[in-house]
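Below: entry_37.cif (mmCIF, C-alpha atoms)
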```
data_final
loop_
_atom_site.label_atom_id
_atom_site.label_comp_id
_atom_site.auth_asym_id
_atom_site.auth_seq_id
_atom_site.Cartn_x
_atom_site.Cartn_y
_atom_site.Cartn_z
CA MET A 120 200.70 189.97 218.92
CA LEU A 121 202.03 188.24 215.80
CA GLN A 122 202.54 184.53 216.20
CA GLY A 123 203.71 181.68 214.02
CA GLU A 124 203.21 178.08 215.10
CA ASN A 125 205.24 175.25 213.62
CA LEU A 126 205.63 177.05 210.29
CA THR A 127 206.85 175.12 207.28
CA LEU A 128 207.29 176.25 203.71
CA THR A 129 208.21 173.54 201.24
CA TYR A 130 208.59 173.93 197.50
CA GLN A 131 209.82 171.89 194.55
CA ASP A 132 213.04 172.76 192.73
CA GLY A 133 212.94 170.34 189.83
CA ASP A 134 213.04 166.87 191.38
CA THR A 135 214.23 168.22 194.73
CA THR A 136 211.97 169.15 197.64
CA VAL A 137 213.29 172.19 199.50
CA ASP A 138 212.30 173.16 203.05
CA ALA A 139 212.68 176.94 202.98
CA VAL A 140 211.21 177.12 206.50
CA HIS A 141 210.87 174.07 208.72
CA GLY A 142 209.02 173.90 212.04
CA VAL A 143 209.53 177.52 213.12
CA SER A 144 207.48 178.86 216.02
CA MET A 145 207.73 182.40 217.30
CA ALA A 146 205.73 185.10 219.05
CA ILE A 147 206.32 188.80 218.59
CA GLU A 148 204.73 191.17 221.08
CA ASP A 149 203.53 194.67 220.21
CA HIS A 150 206.33 197.28 220.14
CA GLN A 151 209.08 194.68 219.75
CA PHE A 152 211.86 195.07 217.22
CA ILE A 153 212.95 191.68 215.94
CA GLY A 154 215.88 190.86 213.68
CA ILE A 155 216.18 187.55 211.87
CA LEU A 156 219.77 186.59 211.18
CA GLY A 157 221.24 183.82 209.09
CA PRO A 158 223.30 183.10 206.01
CA SER A 159 222.06 183.66 202.50
CA GLY A 160 219.48 181.03 201.54
CA SER A 161 218.59 180.11 205.11
CA GLY A 162 214.90 181.09 204.77
CA LYS A 163 214.83 184.57 206.32
CA SER A 164 212.87 186.15 203.47
CA SER A 165 210.59 183.11 203.26
CA LEU A 166 209.79 183.45 206.96
CA LEU A 167 208.98 187.16 206.51
CA TYR A 168 206.70 186.34 203.59
CA LEU A 169 204.88 183.76 205.72
CA LEU A 170 204.47 186.06 208.74
CA SER A 171 203.18 188.86 206.53
CA GLY A 172 200.66 186.67 204.72
CA LEU A 173 202.32 187.12 201.34
CA ARG A 174 202.89 183.37 201.17
CA LYS A 175 200.82 180.55 202.61
CA PRO A 176 202.64 178.01 204.74
CA THR A 177 202.61 174.38 203.69
CA GLY A 178 202.34 173.62 207.39
CA GLY A 179 201.56 175.48 210.60
CA GLU A 180 199.56 178.63 211.21
CA ILE A 181 200.09 182.37 211.61
CA TYR A 182 198.01 184.56 213.90
CA LEU A 183 197.64 188.28 214.38
CA ASP A 184 195.75 188.94 217.62
CA ASP A 185 194.31 185.42 217.59
CA ARG A 186 193.07 185.81 214.00
CA ALA A 187 194.35 182.80 212.02
CA TYR A 188 195.50 183.68 208.51
CA GLY A 189 194.50 180.20 207.30
CA LYS A 190 190.87 180.89 208.18
CA MET A 191 190.83 184.18 206.25
CA SER A 192 189.81 184.57 202.64
CA GLU A 193 192.34 186.03 200.22
CA ARG A 194 190.37 189.29 200.33
CA GLU A 195 190.63 189.39 204.16
CA ARG A 196 194.39 188.69 204.07
CA THR A 197 194.83 191.43 201.48
CA ALA A 198 192.91 193.89 203.68
CA LEU A 199 195.01 192.86 206.66
CA ARG A 200 198.23 193.50 204.74
CA ARG A 201 196.95 196.83 203.44
CA THR A 202 195.89 198.19 206.83
CA GLU A 203 198.20 196.57 209.37
CA PHE A 204 201.49 196.01 207.55
CA GLY A 205 204.16 198.00 205.77
CA PHE A 206 206.73 196.32 203.53
CA VAL A 207 210.30 197.16 202.60
CA PHE A 208 211.68 194.51 200.27
CA GLN A 209 215.27 193.80 199.21
CA GLN A 210 214.30 195.22 195.83
CA HIS A 211 212.50 198.55 196.08
CA PHE A 212 209.71 197.73 193.57
CA LEU A 213 209.04 201.36 192.67
CA ILE A 214 206.80 202.18 189.72
CA ASN A 215 209.07 203.75 187.10
CA TYR A 216 206.53 206.15 185.61
CA LEU A 217 205.61 207.63 189.03
CA THR A 218 207.62 210.25 190.89
CA ALA A 219 209.10 209.60 194.34
CA LEU A 220 206.12 211.35 195.93
CA GLU A 221 203.62 209.41 193.82
CA ASN A 222 205.35 206.12 194.67
CA VAL A 223 204.89 206.84 198.36
CA MET A 224 201.28 207.90 197.85
CA VAL A 225 200.46 204.57 196.15
CA ALA A 226 200.37 202.99 199.63
CA ALA A 227 198.36 205.79 201.30
CA ALA A 228 194.93 204.78 202.52
CA VAL A 229 193.41 207.88 200.93
CA GLN A 230 194.79 210.04 198.14
CA ASP A 231 194.26 213.40 199.84
CA LYS A 232 196.18 216.53 200.79
CA ALA A 233 196.85 215.33 204.36
CA HIS A 234 198.49 212.12 203.13
CA ALA A 235 200.43 214.05 200.48
CA GLU A 236 201.81 216.34 203.20
CA GLN A 237 202.68 213.31 205.31
CA ALA A 238 204.45 211.72 202.33
CA LYS A 239 206.43 214.91 201.73
CA ALA A 240 207.42 215.00 205.41
CA LEU A 241 208.53 211.36 205.36
CA LEU A 242 210.61 211.92 202.25
CA ALA A 243 212.13 215.07 203.76
CA ASP A 244 212.99 213.15 206.95
CA LEU A 245 214.78 210.61 204.77
CA GLY A 246 216.79 213.32 203.00
CA LEU A 247 214.71 213.38 199.82
CA GLY A 248 212.76 216.62 200.30
CA ASP A 249 214.35 218.07 197.17
CA LYS A 250 213.65 214.98 195.04
CA LEU A 251 209.87 214.62 195.40
CA HIS A 252 209.26 214.95 191.67
CA ARG A 253 212.09 212.77 190.44
CA PHE A 254 211.41 209.44 188.81
CA PRO A 255 213.07 206.24 190.11
CA TYR A 256 215.51 206.15 187.19
CA GLU A 257 216.70 209.61 188.28
CA LEU A 258 217.52 208.40 191.80
CA SER A 259 220.44 206.40 193.16
CA GLY A 260 219.85 202.91 194.54
CA GLY A 261 219.95 204.24 198.10
CA GLU A 262 217.52 207.03 197.28
CA ARG A 263 215.11 204.53 195.72
CA GLN A 264 215.31 202.40 198.84
CA ARG A 265 214.48 205.43 201.01
CA VAL A 266 211.42 206.08 198.85
CA ALA A 267 210.40 202.45 199.48
CA ILE A 268 210.88 202.98 203.23
CA ALA A 269 208.66 206.08 203.14
CA ARG A 270 206.06 204.10 201.18
CA ALA A 271 206.06 201.42 203.90
CA MET A 272 205.45 204.06 206.56
CA ILE A 273 202.82 206.28 204.89
CA HIS A 274 199.77 204.59 206.39
CA ARG A 275 201.37 204.24 209.85
CA PRO A 276 201.26 200.45 209.85
CA ARG A 277 201.21 198.45 213.01
CA ILE A 278 203.98 196.15 211.74
CA ILE A 279 206.74 196.85 209.23
CA PHE A 280 208.31 193.86 207.53
CA ALA A 281 211.73 194.86 206.25
CA ASP A 282 213.89 192.48 204.25
CA GLU A 283 217.40 193.97 204.33
CA PRO A 284 215.99 197.52 204.13
CA THR A 285 219.33 199.26 204.58
CA GLY A 286 221.37 197.06 202.25
CA LEU A 287 221.65 199.80 199.63
CA LEU A 288 222.19 202.63 202.12
CA ASP A 289 225.40 204.01 203.56
CA ARG A 290 225.91 203.30 207.28
CA ARG A 291 224.87 206.76 208.51
CA THR A 292 221.65 206.86 206.46
CA GLY A 293 220.85 203.25 207.39
CA LEU A 294 221.00 204.08 211.08
#
```
Take the structure from the file and write it as structure tokens.
Amino acid sequence: MLQGENLTLTYQDGDTTVDAVHGVSMAIEDHQFIGILGPSGSGKSSLLYLLSGLRKPTGGEIYLDDRAYGKMSERERTALRRTEFGFVFQQHFLINYLTALENVMVAAAVQDKAHAEQAKALLADLGLGDKLHRFPYELSGGERQRVAIARAMIHRPRIIFADEPTGLLDRRTGL
């Protein structure tokens, strides 16, 4: 289970203190699909970053299976993110000098033939089987986002954090 207790994320914007997240508590059970809705600037992305351990809360605590992130070293949090989580960001963050296939393989636990075949299968499932060797600049925005989705799935993560993952996709492909 993933749990956040009384989460707060405060930052300074010049002379102004901004509460991006304020006093949020939530529990997400295994196999649940959760959507976080709200207007632009309401803290949705900030909450995802907190729950995933990419940002540290200024208040509260996050737990995965009773393991408190705040008690983990940076190395332990990094290992947790690498093994348990997949990420699909609003921006695809692909590496421009790597092909679609290589961009997916960056997140594979091991760079071997089995993972390469899995990456090819994921890309094919997402309609990119014929674009494995294309570079990001040779792909449309939606195609780049699908590469990012495959990258998030390559190591079969327990949790996928997706921040507007279908924003660049047409409705049919998004579904």
Evaluate the PyMOL selection byres ((chain A and resi 189) around 10) against this structure - the residues, as an mmCIF file with C-alpha atoms, keeping the file's coordinate frame, please.
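So the final result, stored in result-v2.cif, reads:
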```cif
data_model
loop_
_atom_site.group_PDB
_atom_site.id
_atom_site.type_symbol
_atom_site.label_atom_id
_atom_site.label_comp_id
_atom_site.auth_asym_id
_atom_site.auth_seq_id
_atom_site.Cartn_x
_atom_site.Cartn_y
_atom_site.Cartn_z
ATOM 1 C CA GLY A 172 200.660 186.670 204.720
ATOM 2 C CA LYS A 175 200.820 180.550 202.610
ATOM 3 C CA PRO A 176 202.640 178.010 204.740
ATOM 4 C CA GLY A 179 201.560 175.480 210.600
ATOM 5 C CA GLU A 180 199.560 178.630 211.210
ATOM 6 C CA ILE A 181 200.090 182.370 211.610
ATOM 7 C CA TYR A 182 198.010 184.560 213.900
ATOM 8 C CA ARG A 186 193.070 185.810 214.000
ATOM 9 C CA ALA A 187 194.350 182.800 212.020
ATOM 10 C CA TYR A 188 195.500 183.680 208.510
ATOM 11 C CA LYS A 190 190.870 180.890 208.180
ATOM 12 C CA MET A 191 190.830 184.180 206.250
ATOM 13 C CA SER A 192 189.810 184.570 202.640
ATOM 14 C CA GLU A 193 192.340 186.030 200.220
ATOM 15 C CA ARG A 196 194.390 188.690 204.070
#
```
As a check of understanding, name the residues that the PyMOL selection byres ((chain A and resi 155) around 10) selects in the supplied structure, as a ChimeraX atom specification. /A:153-154,156-157,162-164,166-167,282-283
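The coordinates place atom CA of Gln210 of chain A at 9.3 Å from atom CA of Arg263 of chain A.
If you measure from each of A:Gly261, A:His274, A:Ser165, A:Gln151 to Gln237 of chain A using all atoms listed in the file, the closest one turns out to be A:His274.
Taking atom CA of Val140 of chain A and atom CA of Glu195 of chain A as the two end points, the separation is 24.1 Å.
Note on the selection: in this file the PyMOL selection byres ((chain A and resi 234) around 12) comes out as Leu220, Glu221, Val223, Met224, Val225, Ala226, Ala227, Ala228, Val229, Gln230, Asp231, Lys232, Ala233, Ala235, Glu236, Gln237, Ala238, Lys239, Ala240, Leu241, Ala269, Arg270, Met272, Ile273, His274 and Arg275 of chain A.
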How would the residues just chosen look if you wrote them out with C-alpha atoms as a CSV table (one decimal), keeping the file's coordinate frame?
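Heads up, here's the output in result_36.csv:
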```csv
chain,number,residue,atom,x,y,z
A,220,LEU,CA,206.1,211.4,195.9
A,221,GLU,CA,203.6,209.4,193.8
A,223,VAL,CA,204.9,206.8,198.4
A,224,MET,CA,201.3,207.9,197.8
A,225,VAL,CA,200.5,204.6,196.2
A,226,ALA,CA,200.4,203.0,199.6
A,227,ALA,CA,198.4,205.8,201.3
A,228,ALA,CA,194.9,204.8,202.5
A,229,VAL,CA,193.4,207.9,200.9
A,230,GLN,CA,194.8,210.0,198.1
A,231,ASP,CA,194.3,213.4,199.8
A,232,LYS,CA,196.2,216.5,200.8
A,233,ALA,CA,196.8,215.3,204.4
A,235,ALA,CA,200.4,214.0,200.5
A,236,GLU,CA,201.8,216.3,203.2
A,237,GLN,CA,202.7,213.3,205.3
A,238,ALA,CA,204.4,211.7,202.3
A,239,LYS,CA,206.4,214.9,201.7
A,240,ALA,CA,207.4,215.0,205.4
A,241,LEU,CA,208.5,211.4,205.4
A,269,ALA,CA,208.7,206.1,203.1
A,270,ARG,CA,206.1,204.1,201.2
A,272,MET,CA,205.4,204.1,206.6
A,273,ILE,CA,202.8,206.3,204.9
A,274,HIS,CA,199.8,204.6,206.4
A,275,ARG,CA,201.4,204.2,209.8
```
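Atom to atom, atom CA of Asp132 of chain A and atom CA of Arg194 of chain A stand 29.1 Å apart.
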Which of these, A:Thr197, A:Ser259, A:Ser144, A:Asn125, has the shortest distance to Gly178 of chain A once you count only C-alpha atoms? A:Asn125
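Nearest residue to Arg277 of chain A among A:Asp249, A:Glu124, A:Asp149, A:Glu257 is A:Asp149, counting only C-alpha atoms.
Using all atoms listed in the file, the smallest distance between any of A:Ser161, A:Thr135, A:Thr202, A:Gln122 and Glu148 of chain A comes from A:Gln122.
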Missing atoms in segment 179-202 of chain A: fill them in up to N, CA, C and O atoms and send the result as a PDB file, keeping the file's coordinate frame.
```
ATOM      1  N   GLY A 179     201.588 174.520 209.505  1.00  0.00           N
ATOM      2  CA  GLY A 179     201.560 175.480 210.600  1.00  0.00           C
ATOM      3  C   GLY A 179     200.537 176.577 210.373  1.00  0.00           C
ATOM      4  O   GLY A 179     199.784 176.559 209.396  1.00  0.00           O
ATOM      5  N   GLU A 180     200.536 177.542 211.285  1.00  0.00           N
ATOM      6  CA  GLU A 180     199.560 178.630 211.210  1.00  0.00           C
ATOM      7  C   GLU A 180     200.170 179.923 211.740  1.00  0.00           C
ATOM      8  O   GLU A 180     201.041 179.903 212.601  1.00  0.00           O
ATOM      9  N   ILE A 181     199.692 181.030 211.192  1.00  0.00           N
ATOM     10  CA  ILE A 181     200.090 182.370 211.610  1.00  0.00           C
ATOM     11  C   ILE A 181     198.869 183.077 212.158  1.00  0.00           C
ATOM     12  O   ILE A 181     197.769 182.939 211.615  1.00  0.00           O
ATOM     13  N   TYR A 182     199.084 183.826 213.232  1.00  0.00           N
ATOM     14  CA  TYR A 182     198.010 184.560 213.900  1.00  0.00           C
ATOM     15  C   TYR A 182     198.423 186.008 214.108  1.00  0.00           C
ATOM     16  O   TYR A 182     199.569 186.288 214.451  1.00  0.00           O
ATOM     17  N   LEU A 183     197.483 186.902 213.938  1.00  0.00           N
ATOM     18  CA  LEU A 183     197.640 188.280 214.380  1.00  0.00           C
ATOM     19  C   LEU A 183     196.467 188.524 215.332  1.00  0.00           C
ATOM     20  O   LEU A 183     195.309 188.461 214.921  1.00  0.00           O
ATOM     21  N   ASP A 184     196.788 188.749 216.596  1.00  0.00           N
ATOM     22  CA  ASP A 184     195.750 188.940 217.620  1.00  0.00           C
ATOM     23  C   ASP A 184     194.718 187.818 217.593  1.00  0.00           C
ATOM     24  O   ASP A 184     193.515 188.055 217.545  1.00  0.00           O
ATOM     25  N   ASP A 185     195.174 186.608 217.569  1.00  0.00           N
ATOM     26  CA  ASP A 185     194.310 185.420 217.590  1.00  0.00           C
ATOM     27  C   ASP A 185     193.488 185.219 216.321  1.00  0.00           C
ATOM     28  O   ASP A 185     192.617 184.354 216.285  1.00  0.00           O
ATOM     29  N   ARG A 186     193.723 186.018 215.296  1.00  0.00           N
ATOM     30  CA  ARG A 186     193.070 185.810 214.000  1.00  0.00           C
ATOM     31  C   ARG A 186     193.982 184.936 213.145  1.00  0.00           C
ATOM     32  O   ARG A 186     195.084 185.356 212.786  1.00  0.00           O
ATOM     33  N   ALA A 187     193.552 183.739 212.813  1.00  0.00           N
ATOM     34  CA  ALA A 187     194.350 182.800 212.020  1.00  0.00           C
ATOM     35  C   ALA A 187     194.293 183.176 210.553  1.00  0.00           C
ATOM     36  O   ALA A 187     193.213 183.294 209.978  1.00  0.00           O
ATOM     37  N   TYR A 188     195.459 183.349 209.936  1.00  0.00           N
ATOM     38  CA  TYR A 188     195.500 183.680 208.510  1.00  0.00           C
ATOM     39  C   TYR A 188     194.839 182.585 207.673  1.00  0.00           C
ATOM     40  O   TYR A 188     194.177 182.871 206.688  1.00  0.00           O
ATOM     41  N   GLY A 189     195.037 181.323 208.065  1.00  0.00           N
ATOM     42  CA  GLY A 189     194.500 180.200 207.300  1.00  0.00           C
ATOM     43  C   GLY A 189     192.984 180.167 207.248  1.00  0.00           C
ATOM     44  O   GLY A 189     192.405 179.548 206.361  1.00  0.00           O
ATOM     45  N   LYS A 190     192.332 180.836 208.169  1.00  0.00           N
ATOM     46  CA  LYS A 190     190.870 180.890 208.180  1.00  0.00           C
ATOM     47  C   LYS A 190     190.337 182.110 207.437  1.00  0.00           C
ATOM     48  O   LYS A 190     189.135 182.295 207.314  1.00  0.00           O
ATOM     49  N   MET A 191     191.237 182.963 206.969  1.00  0.00           N
ATOM     50  CA  MET A 191     190.830 184.180 206.250  1.00  0.00           C
ATOM     51  C   MET A 191     190.752 183.903 204.753  1.00  0.00           C
ATOM     52  O   MET A 191     191.517 183.106 204.213  1.00  0.00           O
ATOM     53  N   SER A 192     189.854 184.615 204.103  1.00  0.00           N
ATOM     54  CA  SER A 192     189.810 184.570 202.640  1.00  0.00           C
ATOM     55  C   SER A 192     190.986 185.390 202.112  1.00  0.00           C
ATOM     56  O   SER A 192     191.619 186.153 202.852  1.00  0.00           O
ATOM     57  N   GLU A 193     191.260 185.232 200.834  1.00  0.00           N
ATOM     58  CA  GLU A 193     192.340 186.030 200.220  1.00  0.00           C
ATOM     59  C   GLU A 193     192.042 187.517 200.350  1.00  0.00           C
ATOM     60  O   GLU A 193     192.936 188.315 200.614  1.00  0.00           O
ATOM     61  N   ARG A 194     190.777 187.881 200.191  1.00  0.00           N
ATOM     62  CA  ARG A 194     190.370 189.290 200.330  1.00  0.00           C
ATOM     63  C   ARG A 194     190.658 189.802 201.748  1.00  0.00           C
ATOM     64  O   ARG A 194     191.143 190.920 201.923  1.00  0.00           O
ATOM     65  N   GLU A 195     190.370 188.990 202.764  1.00  0.00           N
ATOM     66  CA  GLU A 195     190.630 189.390 204.160  1.00  0.00           C
ATOM     67  C   GLU A 195     192.124 189.528 204.429  1.00  0.00           C
ATOM     68  O   GLU A 195     192.549 190.460 205.112  1.00  0.00           O
ATOM     69  N   ARG A 196     192.931 188.591 203.893  1.00  0.00           N
ATOM     70  CA  ARG A 196     194.390 188.690 204.070  1.00  0.00           C
ATOM     71  C   ARG A 196     194.937 189.921 203.367  1.00  0.00           C
ATOM     72  O   ARG A 196     195.820 190.605 203.887  1.00  0.00           O
ATOM     73  N   THR A 197     194.400 190.237 202.205  1.00  0.00           N
ATOM     74  CA  THR A 197     194.830 191.430 201.480  1.00  0.00           C
ATOM     75  C   THR A 197     194.499 192.686 202.291  1.00  0.00           C
ATOM     76  O   THR A 197     195.330 193.589 202.424  1.00  0.00           O
ATOM     77  N   ALA A 198     193.315 192.743 202.849  1.00  0.00           N
ATOM     78  CA  ALA A 198     192.910 193.890 203.680  1.00  0.00           C
ATOM     79  C   ALA A 198     193.795 193.995 204.910  1.00  0.00           C
ATOM     80  O   ALA A 198     194.190 195.099 205.305  1.00  0.00           O
ATOM     81  N   LEU A 199     194.121 192.876 205.501  1.00  0.00           N
ATOM     82  CA  LEU A 199     195.010 192.860 206.660  1.00  0.00           C
ATOM     83  C   LEU A 199     196.364 193.441 206.290  1.00  0.00           C
ATOM     84  O   LEU A 199     196.887 194.318 206.996  1.00  0.00           O
ATOM     85  N   ARG A 200     196.925 192.979 205.184  1.00  0.00           N
ATOM     86  CA  ARG A 200     198.230 193.500 204.740  1.00  0.00           C
ATOM     87  C   ARG A 200     198.154 194.992 204.453  1.00  0.00           C
ATOM     88  O   ARG A 200     199.060 195.744 204.788  1.00  0.00           O
ATOM     89  N   ARG A 201     197.091 195.417 203.838  1.00  0.00           N
ATOM     90  CA  ARG A 201     196.950 196.830 203.440  1.00  0.00           C
ATOM     91  C   ARG A 201     196.800 197.758 204.640  1.00  0.00           C
ATOM     92  O   ARG A 201     197.283 198.875 204.601  1.00  0.00           O
ATOM     93  N   THR A 202     196.149 197.304 205.697  1.00  0.00           N
ATOM     94  CA  THR A 202     195.890 198.190 206.830  1.00  0.00           C
ATOM     95  C   THR A 202     196.887 198.038 207.973  1.00  0.00           C
ATOM     96  O   THR A 202     197.203 199.015 208.642  1.00  0.00           O
TER      97      THR A 202
END
```
